[in-house]
file target_5.cif (mmCIF, C-alpha atoms)
data_protein
#
loop_
_atom_site.label_atom_id
_atom_site.label_comp_id
_atom_site.auth_asym_id
_atom_site.auth_seq_id
_atom_site.Cartn_x
_atom_site.Cartn_y
_atom_site.Cartn_z
CA MET A 1 -65.58 105.03 26.03
CA SER A 2 -67.06 104.28 22.54
CA ASP A 3 -66.56 105.17 18.87
CA THR A 4 -68.40 104.50 15.52
CA THR A 5 -66.73 102.44 12.76
CA GLN A 6 -67.17 102.99 8.95
CA ASP A 7 -69.99 100.41 8.69
CA GLY A 8 -71.90 102.06 11.48
CA ALA A 9 -70.97 99.48 14.15
CA LEU A 10 -70.30 100.67 17.64
CA ALA A 11 -66.80 99.94 18.87
CA THR A 12 -65.80 100.18 22.54
CA SER A 13 -62.42 100.59 24.17
CA LYS A 14 -61.53 99.53 27.72
CA ARG A 15 -61.29 102.19 30.35
CA PRO A 16 -57.71 102.54 31.60
CA SER A 17 -57.20 100.65 34.86
CA ASP A 18 -56.61 102.62 38.02
CA ASP A 19 -53.61 100.29 38.63
CA ALA A 20 -51.90 101.16 35.36
CA GLY A 21 -48.38 102.43 35.87
CA LEU A 22 -48.13 101.29 39.51
CA SER A 23 -45.02 99.38 40.49
CA PRO A 24 -45.31 95.98 42.26
CA SER A 25 -44.42 97.56 45.61
CA GLU A 26 -47.06 100.27 45.10
CA LEU A 27 -49.67 97.66 44.20
CA ALA A 28 -48.78 95.70 47.35
CA ARG A 29 -49.22 98.78 49.52
CA LYS A 30 -52.50 99.65 47.80
CA TYR A 31 -54.07 96.25 48.46
CA GLY A 32 -52.49 95.65 51.85
CA LEU A 33 -50.23 92.81 50.71
CA SER A 34 -46.99 91.84 52.46
CA VAL A 35 -43.99 89.75 51.48
CA SER A 36 -44.39 86.11 52.51
CA GLY A 37 -41.92 85.26 55.28
CA ALA A 38 -40.79 88.87 55.69
CA ARG A 39 -38.92 89.69 58.88
CA PRO A 40 -41.22 91.29 61.48
CA GLY A 41 -40.10 94.14 63.68
CA LEU A 42 -38.11 93.21 66.77
CA PRO A 43 -40.96 93.84 69.29
CA ALA A 44 -43.38 91.84 67.12
CA TYR A 45 -40.81 89.05 66.84
CA VAL A 46 -40.47 88.86 70.62
CA ARG A 47 -44.26 88.65 70.93
CA GLN A 48 -44.36 85.82 68.39
CA LEU A 49 -41.77 83.90 70.40
CA TRP A 50 -43.73 84.42 73.60
CA ASP A 51 -46.91 83.19 71.90
CA ARG A 52 -45.05 80.01 70.94
CA ARG A 53 -43.47 79.40 74.35
CA HIS A 54 -45.46 76.19 74.81
CA PHE A 55 -44.12 74.86 71.51
CA ILE A 56 -40.55 75.74 72.51
CA ILE A 57 -40.86 73.92 75.84
CA ALA A 58 -42.62 70.88 74.36
CA PHE A 59 -40.11 70.65 71.49
CA SER A 60 -37.15 70.76 73.88
CA ARG A 61 -38.67 68.02 76.05
CA ALA A 62 -39.39 65.83 73.03
CA LYS A 63 -35.82 66.23 71.78
CA LEU A 64 -34.47 65.41 75.21
CA MET A 65 -36.53 62.22 75.48
CA ALA A 66 -35.64 61.14 71.95
CA GLN A 67 -31.91 61.78 72.36
CA TYR A 68 -31.14 58.36 73.85
CA SER A 69 -34.31 56.51 72.87
CA GLN A 70 -32.35 53.89 70.91
CA ALA A 71 -29.96 53.14 73.79
CA LYS A 72 -30.83 50.40 76.28
CA LEU A 73 -29.87 52.57 79.25
CA GLY A 74 -31.96 55.41 77.85
CA GLN A 75 -31.83 58.69 79.77
CA ILE A 76 -29.12 57.36 82.10
CA TRP A 77 -26.64 58.39 79.39
CA GLN A 78 -27.55 62.03 80.05
CA VAL A 79 -25.57 61.72 83.27
CA ALA A 80 -23.25 58.84 82.39
CA THR A 81 -21.64 60.54 79.37
CA PRO A 82 -20.19 63.62 81.14
CA LEU A 83 -19.41 61.48 84.20
CA LEU A 84 -17.34 59.09 82.08
CA ASN A 85 -15.63 62.08 80.49
CA ALA A 86 -14.76 63.35 83.96
CA LEU A 87 -13.33 59.91 84.85
CA VAL A 88 -11.13 59.89 81.74
CA TYR A 89 -9.89 63.42 82.43
CA TYR A 90 -9.16 62.47 86.06
CA LEU A 91 -7.09 59.46 84.99
CA ILE A 92 -5.10 61.45 82.43
CA PHE A 93 -4.87 64.92 83.96
CA GLY A 94 -5.36 64.18 87.65
CA LEU A 95 -3.25 61.07 88.11
CA ILE A 96 -0.76 61.03 85.24
CA LEU A 97 -0.16 64.75 84.55
CA ASP A 98 -0.86 66.00 88.09
CA ALA A 99 -2.98 68.85 86.73
CA GLY A 100 -4.63 69.25 90.12
CA ARG A 101 -1.64 70.94 91.74
CA GLY A 102 -2.61 74.00 93.70
CA ILE A 103 -5.98 72.39 94.53
CA ASP A 104 -6.64 70.36 97.67
CA LYS A 105 -6.66 66.64 96.80
CA ASN A 106 -10.11 66.19 98.33
CA ASP A 107 -11.42 69.06 96.22
CA TYR A 108 -9.94 68.11 92.87
CA ILE A 109 -12.60 65.57 91.91
CA PRO A 110 -15.52 67.96 92.67
CA PHE A 111 -13.51 70.70 90.88
CA LEU A 112 -13.16 68.47 87.81
CA VAL A 113 -16.73 67.14 87.78
CA ILE A 114 -18.20 70.65 88.05
CA GLY A 115 -15.91 71.85 85.26
CA VAL A 116 -16.83 68.99 82.90
CA PHE A 117 -20.59 69.21 83.48
CA VAL A 118 -20.79 73.00 83.32
CA PHE A 119 -18.59 73.28 80.23
CA THR A 120 -20.57 70.49 78.54
CA PHE A 121 -23.68 72.64 79.01
CA THR A 122 -22.14 75.45 76.95
CA GLN A 123 -20.50 73.12 74.43
CA SER A 124 -23.69 71.17 73.75
CA SER A 125 -25.76 74.35 73.39
CA LEU A 126 -23.29 75.72 70.83
CA MET A 127 -23.24 72.47 68.83
CA ALA A 128 -27.03 72.19 68.89
CA GLY A 129 -27.32 75.79 67.72
CA VAL A 130 -25.05 75.19 64.73
CA ARG A 131 -27.29 72.34 63.57
CA ALA A 132 -30.62 73.93 64.55
CA ILE A 133 -31.67 75.09 61.08
CA PRO A 134 -30.02 72.46 58.79
CA SER A 135 -31.27 69.51 60.87
CA ASN A 136 -34.83 70.88 60.91
CA ILE A 137 -34.96 72.31 57.39
CA GLY A 138 -38.19 70.45 56.56
CA LEU A 139 -39.94 72.03 59.53
CA VAL A 140 -38.55 75.45 58.67
CA ARG A 141 -39.80 75.26 55.07
CA ALA A 142 -43.18 73.74 55.89
CA LEU A 143 -44.37 75.94 58.75
CA HIS A 144 -44.36 79.64 59.53
CA PHE A 145 -42.98 80.36 63.00
CA PRO A 146 -40.16 82.49 64.45
CA ARG A 147 -37.00 80.57 63.58
CA ALA A 148 -35.32 81.60 66.84
CA SER A 149 -37.62 79.05 68.48
CA LEU A 150 -35.25 76.29 67.36
CA PRO A 151 -31.93 77.47 68.87
CA ILE A 152 -33.75 78.60 72.03
CA SER A 153 -35.45 75.23 72.30
CA PHE A 154 -32.15 73.38 71.92
CA SER A 155 -30.53 75.54 74.61
CA LEU A 156 -33.47 74.79 76.88
CA GLN A 157 -32.99 71.09 76.15
CA GLN A 158 -29.37 71.32 77.31
CA LEU A 159 -30.47 73.17 80.47
CA GLN A 160 -32.90 70.37 81.29
CA GLN A 161 -30.15 67.84 80.73
CA LEU A 162 -27.85 69.77 83.05
CA MET A 163 -30.53 69.66 85.76
CA PHE A 164 -30.26 65.85 85.76
CA SER A 165 -26.47 66.12 85.81
CA MET A 166 -26.48 68.53 88.77
CA ILE A 167 -27.82 65.70 90.95
CA VAL A 168 -24.53 63.87 90.33
CA VAL A 169 -22.57 67.09 90.94
CA PHE A 170 -24.27 67.56 94.32
CA VAL A 171 -23.67 63.92 95.30
CA VAL A 172 -19.97 64.10 94.37
CA THR A 173 -19.54 67.44 96.12
CA ILE A 174 -21.15 66.19 99.34
CA GLY A 175 -19.19 62.93 99.09
CA PHE A 176 -15.95 64.91 99.39
CA GLY A 177 -17.03 66.85 102.46
CA ASN A 178 -18.68 69.93 100.99
CA TYR A 179 -22.10 70.15 102.61
CA PRO A 180 -25.02 72.37 101.56
CA SER A 181 -24.83 75.97 102.77
CA LEU A 182 -26.22 79.36 101.78
CA SER A 183 -23.47 79.72 99.17
CA TRP A 184 -25.09 76.89 97.20
CA LEU A 185 -27.91 79.29 96.31
CA LEU A 186 -25.42 81.15 94.08
CA VAL A 187 -25.68 78.23 91.65
CA LEU A 188 -29.11 79.48 90.53
CA PRO A 189 -28.13 82.97 89.29
CA ALA A 190 -24.91 81.53 87.81
CA LEU A 191 -26.87 78.98 85.77
CA VAL A 192 -29.45 81.58 84.69
CA LEU A 193 -26.67 83.81 83.39
CA GLN A 194 -24.96 80.88 81.70
CA PHE A 195 -28.24 79.86 80.05
CA ALA A 196 -28.66 83.40 78.68
CA PHE A 197 -25.10 83.33 77.37
CA ASN A 198 -25.54 79.83 75.86
CA THR A 199 -28.78 80.82 74.16
CA GLY A 200 -27.16 83.85 72.56
CA LEU A 201 -24.26 81.68 71.45
CA ALA A 202 -26.67 79.12 69.94
CA LEU A 203 -28.47 81.91 68.07
CA ILE A 204 -25.22 83.34 66.68
CA PHE A 205 -24.00 79.98 65.44
CA GLY A 206 -27.53 79.03 64.40
CA ARG A 207 -27.44 81.82 61.82
CA MET A 208 -23.89 80.97 60.77
CA GLY A 209 -24.68 77.25 60.56
CA SER A 210 -27.75 77.86 58.41
CA LYS A 211 -25.55 79.51 55.80
CA THR A 212 -22.55 77.18 56.17
CA PRO A 213 -23.62 73.67 57.28
CA ASP A 214 -19.98 72.49 57.17
CA LEU A 215 -19.37 74.68 60.23
CA ALA A 216 -20.72 71.79 62.32
CA GLN A 217 -17.68 69.72 61.33
CA LEU A 218 -15.28 72.43 62.49
CA MET A 219 -16.89 73.25 65.81
CA PRO A 220 -15.66 70.18 67.77
CA PHE A 221 -12.08 71.39 67.26
CA VAL A 222 -13.04 74.91 68.35
CA THR A 223 -14.86 73.74 71.49
CA ARG A 224 -12.02 71.37 72.41
CA THR A 225 -9.53 74.24 72.24
CA TRP A 226 -11.92 76.39 74.26
CA MET A 227 -12.19 73.64 76.90
CA TYR A 228 -8.41 73.42 77.37
CA ALA A 229 -8.20 77.21 77.63
CA SER A 230 -10.94 77.46 80.25
CA GLY A 231 -9.42 75.52 83.14
CA VAL A 232 -11.82 72.58 83.09
CA MET A 233 -9.13 70.16 84.31
CA PHE A 234 -6.73 72.52 86.10
CA SER A 235 -6.40 75.82 87.92
CA ILE A 236 -5.54 78.54 85.40
CA LYS A 237 -3.75 80.67 87.99
CA GLU A 238 -1.64 77.75 89.20
CA MET A 239 -0.72 76.45 85.75
CA LEU A 240 0.24 79.92 84.47
CA LYS A 241 1.89 81.35 87.58
CA ASP A 242 5.25 81.52 85.76
CA LYS A 243 3.72 83.32 82.76
CA PRO A 244 2.82 87.01 82.35
CA ALA A 245 -0.18 87.80 84.57
CA TRP A 246 -2.28 89.13 81.70
CA ILE A 247 -2.44 85.67 80.07
CA ALA A 248 -4.09 84.15 83.15
CA ASP A 249 -6.43 87.16 83.40
CA VAL A 250 -7.61 86.80 79.81
CA LEU A 251 -8.24 83.08 80.21
CA GLN A 252 -10.07 83.56 83.52
CA TRP A 253 -12.29 86.26 82.03
CA ASN A 254 -13.49 84.04 79.20
CA PRO A 255 -17.18 83.22 79.82
CA ALA A 256 -16.81 79.44 80.10
CA ALA A 257 -14.21 79.84 82.86
CA ILE A 258 -16.27 82.49 84.66
CA TYR A 259 -19.44 80.35 84.91
CA MET A 260 -17.46 77.28 85.98
CA ASP A 261 -15.60 79.22 88.66
CA LEU A 262 -18.80 80.75 90.04
CA ILE A 263 -20.35 77.32 90.53
CA ARG A 264 -17.12 75.92 92.00
CA PHE A 265 -17.05 78.86 94.40
CA ALA A 266 -20.66 78.18 95.38
CA LEU A 267 -20.26 74.44 95.99
CA ILE A 268 -16.65 73.85 97.13
CA ASP A 269 -15.86 75.18 100.60
CA ASN A 270 -12.12 75.61 100.01
CA TYR A 271 -12.53 77.28 96.61
CA GLY A 272 -12.33 80.84 97.90
CA ARG A 273 -12.57 84.28 96.35
CA ASP A 274 -8.84 84.30 95.61
CA ASN A 275 -9.54 81.76 92.86
CA LEU A 276 -11.94 84.15 91.10
CA PRO A 277 -10.97 87.00 88.77
CA PRO A 278 -11.82 90.56 89.87
CA HIS A 279 -15.41 91.72 89.26
CA VAL A 280 -16.45 88.18 88.39
CA TRP A 281 -20.20 88.79 88.71
CA ALA A 282 -19.98 91.91 86.56
CA PHE A 283 -18.26 89.87 83.86
CA ALA A 284 -20.81 87.06 84.20
CA ILE A 285 -23.69 89.50 83.74
CA GLY A 286 -21.88 91.35 80.95
CA TRP A 287 -21.25 88.20 78.93
CA ALA A 288 -24.86 87.06 79.38
CA VAL A 289 -26.28 90.41 78.24
CA LEU A 290 -23.80 90.99 75.42
CA ILE A 291 -24.02 87.53 73.86
CA GLY A 292 -27.63 86.84 74.83
CA ALA A 293 -29.13 90.07 73.49
CA GLY A 294 -26.58 90.51 70.70
CA GLY A 295 -27.07 86.93 69.50
CA PHE A 296 -30.84 87.37 69.45
CA VAL A 297 -30.67 90.52 67.32
CA TYR A 298 -28.05 88.96 65.04
CA PHE A 299 -30.27 85.92 64.43
CA TRP A 300 -33.42 88.03 63.94
CA LYS A 301 -31.79 90.13 61.21
CA ALA A 302 -31.62 87.08 58.91
CA GLU A 303 -35.09 85.74 59.78
CA GLU A 304 -36.46 85.89 56.22
CA ARG A 305 -33.48 83.98 54.79
CA TYR A 306 -33.69 80.77 56.84
CA GLY A 307 -34.75 77.78 54.76
CA ARG A 308 -34.34 79.62 51.45
CA GLY A 309 -31.99 78.66 48.66
#
call {"tool": "encode", "arguments": {"input": "target_5.cif", "output": "structure tokens"}}
result
Amino acid sequence: MSDTTQDGALATSKRPSDDAGLSPSELARKYGLSVSGARPGLPAYVRQLWDRRHFIIAFSRAKLMAQYSQAKLGQIWQVATPLLNALVYYLIFGLILDAGRGIDKNDYIPFLVIGVFVFTFTQSSLMAGVRAIPSNIGLVRALHFPRASLPISFSLQQLQQLMFSMIVVFVVTIGFGNYPSLSWLLVLPALVLQFAFNTGLALIFGRMGSKTPDLAQLMPFVTRTWMYASGVMFSIKEMLKDKPAWIADVLQWNPAAIYMDLIRFALIDNYGRDNLPPHVWAFAIGWAVLIGAGGFVYFWKAEERYGRG
């Protein structure tokens, strides 16, 4: 557009922009822009995780190798730590407090070792999940990747560590007269379900820990209480036989107790079905699906907030 001034000069005025009056969100849609770090849809998020599966596996292996790199015995501590814990619990609970009553004396040590190693798997996954974001905040802020990779990777690390520990479990179990049989194959689905449950738990507490880092200081007290309530060192049914039946049922149905009991049932010949709660496999699957899938969705909903603020 143009106009003539009093001295005959030609004055021009700018043509109104086509973007005038558009809001920032409308401008973004017009030019195909998206919010940096915005949360993708759930199917797209799953695809992103699958595309980074090699990173998740490699990261978990690196963390596992670095865990005891400063110790002279190195990776031996992966097995020695829970084994020493089992020894301490045996001295205190097995010998002094006679917590093994109701369990055959030859079976109590395998019972205890399985309980300690299997519960440690869940406990370590939970603790690693709480610290997943705060302990890797530099990585989270520097690179763009699905943040669920971190809790999943740490759970996978704990699974790999348990695989080393299971060698000791098998040796101890055989040493007390429980030889391999078809029932030992039940260990595989039990561990798969426990891994799904642990991963969901790590994701839930991964989100909570990213917002409240001090939660990591509280969790050891929570997991210790959980351990004592899960029958790691004693038979829940035997210890609570004088109490209302519903108390023993609730404690036996808690996921940590369920996964321990399934593996004890698989490996110990004298640990029969009467030691398991009703519908034990249904509960094992239910806990894995509920916490695994629910934890994943819960973590995904806060994807764009990790590493901010």
call {"tool": "closest_residue", "arguments": {"input": "target_5.cif", "among": "A:Ile204, A:Ile236, A:Leu91, A:Ala58", "to": "Ala302 of chain A", "atoms": "only C-alpha atoms"}}
result
A:Ile204
call {"tool": "residues_around", "arguments": {"input": "target_5.cif", "residues": "Asp274 of chain A", "least_positions_apart": "3", "cutoff": "12 Å", "atoms": "all atoms listed in the file", "output": "number ranges by chain"}}
result
A: 235, 237-238, 261-262, 265, 270-271, 277-280
call {"tool": "resolve_selection", "arguments": {"input": "target_5.cif", "expression": "the PyMOL selection byres ((chain A and resi 251) around 12)", "output": "MDAnalysis selection string"}}
result
chainID A and resid 225:232 235:237 239:240 244:250 252:258 261 276:277
call {"tool": "resolve_selection", "arguments": {"input": "target_5.cif", "expression": "the PyMOL selection byres ((chain A and resi 164) around 12)", "output": "ChimeraX atom specification"}}
result
/A:64,75-83,117,121,157-163,165-171
call {"tool": "closest_residue", "arguments": {"input": "target_5.cif", "among": "A:Lys241, A:Tyr259, A:Trp281, A:Pro213", "to": "Gly102 of chain A", "atoms": "all atoms listed in the file"}}
result
A:Lys241
call {"tool": "closest_residue", "arguments": {"input": "target_5.cif", "among": "A:Ala190, A:Ile57, A:Met233, A:Leu201", "to": "Ala284 of chain A", "atoms": "only C-alpha atoms"}}
result
A:Ala190
call {"tool": "residues_near_point", "arguments": {"input": "target_5.cif", "point": "(-35.6, 72.6, 57.2)", "cutoff": "12 Å", "atoms": "all atoms listed in the file", "output": "list of chain:residue names"}}
result
A:Arg131, A:Ala132, A:Ile133, A:Pro134, A:Ser135, A:Asn136, A:Ile137, A:Gly138, A:Leu139, A:Val140, A:Arg141, A:Ala142, A:Leu143, A:His144, A:Arg147, A:Leu150, A:Ser210, A:Arg305, A:Tyr306, A:Gly307, A:Arg308, A:Gly309
call {"tool": "resolve_selection", "arguments": {"input": "target_5.cif", "expression": "the PyMOL selection byres ((chain A and resi 196) around 12)", "output": "ChimeraX atom specification"}}
result
/A:121-122,125,151-152,155-156,159,189-195,197-203,255,259,284-296
call {"tool": "atom_distance", "arguments": {"input": "target_5.cif", "atom1": "atom CA of Lys63 of chain A", "atom2": "atom CA of Ala44 of chain A"}}
result
27.1 Å
call {"tool": "closest_residue", "arguments": {"input": "target_5.cif", "among": "A:Leu215, A:Ala148, A:Leu188, A:Val88", "to": "Tyr45 of chain A", "atoms": "only C-alpha atoms"}}
result
A:Ala148
call {"tool": "closest_residue", "arguments": {"input": "target_5.cif", "among": "A:Ser153, A:Ser181, A:Asn275, A:Thr212", "to": "Phe59 of chain A", "atoms": "all atoms listed in the file"}}
result
A:Ser153
call {"tool": "closest_residue", "arguments": {"input": "target_5.cif", "among": "A:Leu42, A:Val172, A:Ile263, A:Ala128", "to": "Tyr108 of chain A", "atoms": "all atoms listed in the file"}}
result
A:Val172
call {"tool": "atom_distance", "arguments": {"input": "target_5.cif", "atom1": "atom CA of Arg207 of chain A", "atom2": "atom CA of Glu303 of chain A"}}
result
8.8 Å
call {"tool": "atom_distance", "arguments": {"input": "target_5.cif", "atom1": "atom CA of Ile96 of chain A", "atom2": "atom CA of Gly272 of chain A"}}
result
26.2 Å
call {"tool": "residues_around", "arguments": {"input": "target_5.cif", "residues": "Phe176 of chain A", "least_positions_apart": "2", "cutoff": "9 Å", "atoms": "only C-alpha atoms", "output": "VMD selection string"}}
result
chain A and resid 106 to 107 109 to 110 171 to 174 178 to 179
call {"tool": "residues_around", "arguments": {"input": "target_5.cif", "residues": "Met219 of chain A", "least_positions_apart": "3", "cutoff": "9 Å", "atoms": "only C-alpha atoms", "output": "list of chain:residue names"}}
result
A:Leu126, A:Met127, A:Val130, A:Leu215, A:Ala216, A:Val222, A:Thr223, A:Arg224
call {"tool": "write_last_selection", "arguments": {"input": "target_5.cif", "atoms": "C-alpha atoms", "output": "PDB file, in the frame of the given file"}}
result
ATOM      1  CA  LEU A 126     -23.290  75.720  70.830  1.00  0.00           C
ATOM      2  CA  MET A 127     -23.240  72.470  68.830  1.00  0.00           C
ATOM      3  CA  VAL A 130     -25.050  75.190  64.730  1.00  0.00           C
ATOM      4  CA  LEU A 215     -19.370  74.680  60.230  1.00  0.00           C
ATOM      5  CA  ALA A 216     -20.720  71.790  62.320  1.00  0.00           C
ATOM      6  CA  VAL A 222     -13.040  74.910  68.350  1.00  0.00           C
ATOM      7  CA  THR A 223     -14.860  73.740  71.490  1.00  0.00           C
ATOM      8  CA  ARG A 224     -12.020  71.370  72.410  1.00  0.00           C
TER       9      ARG A 224
END
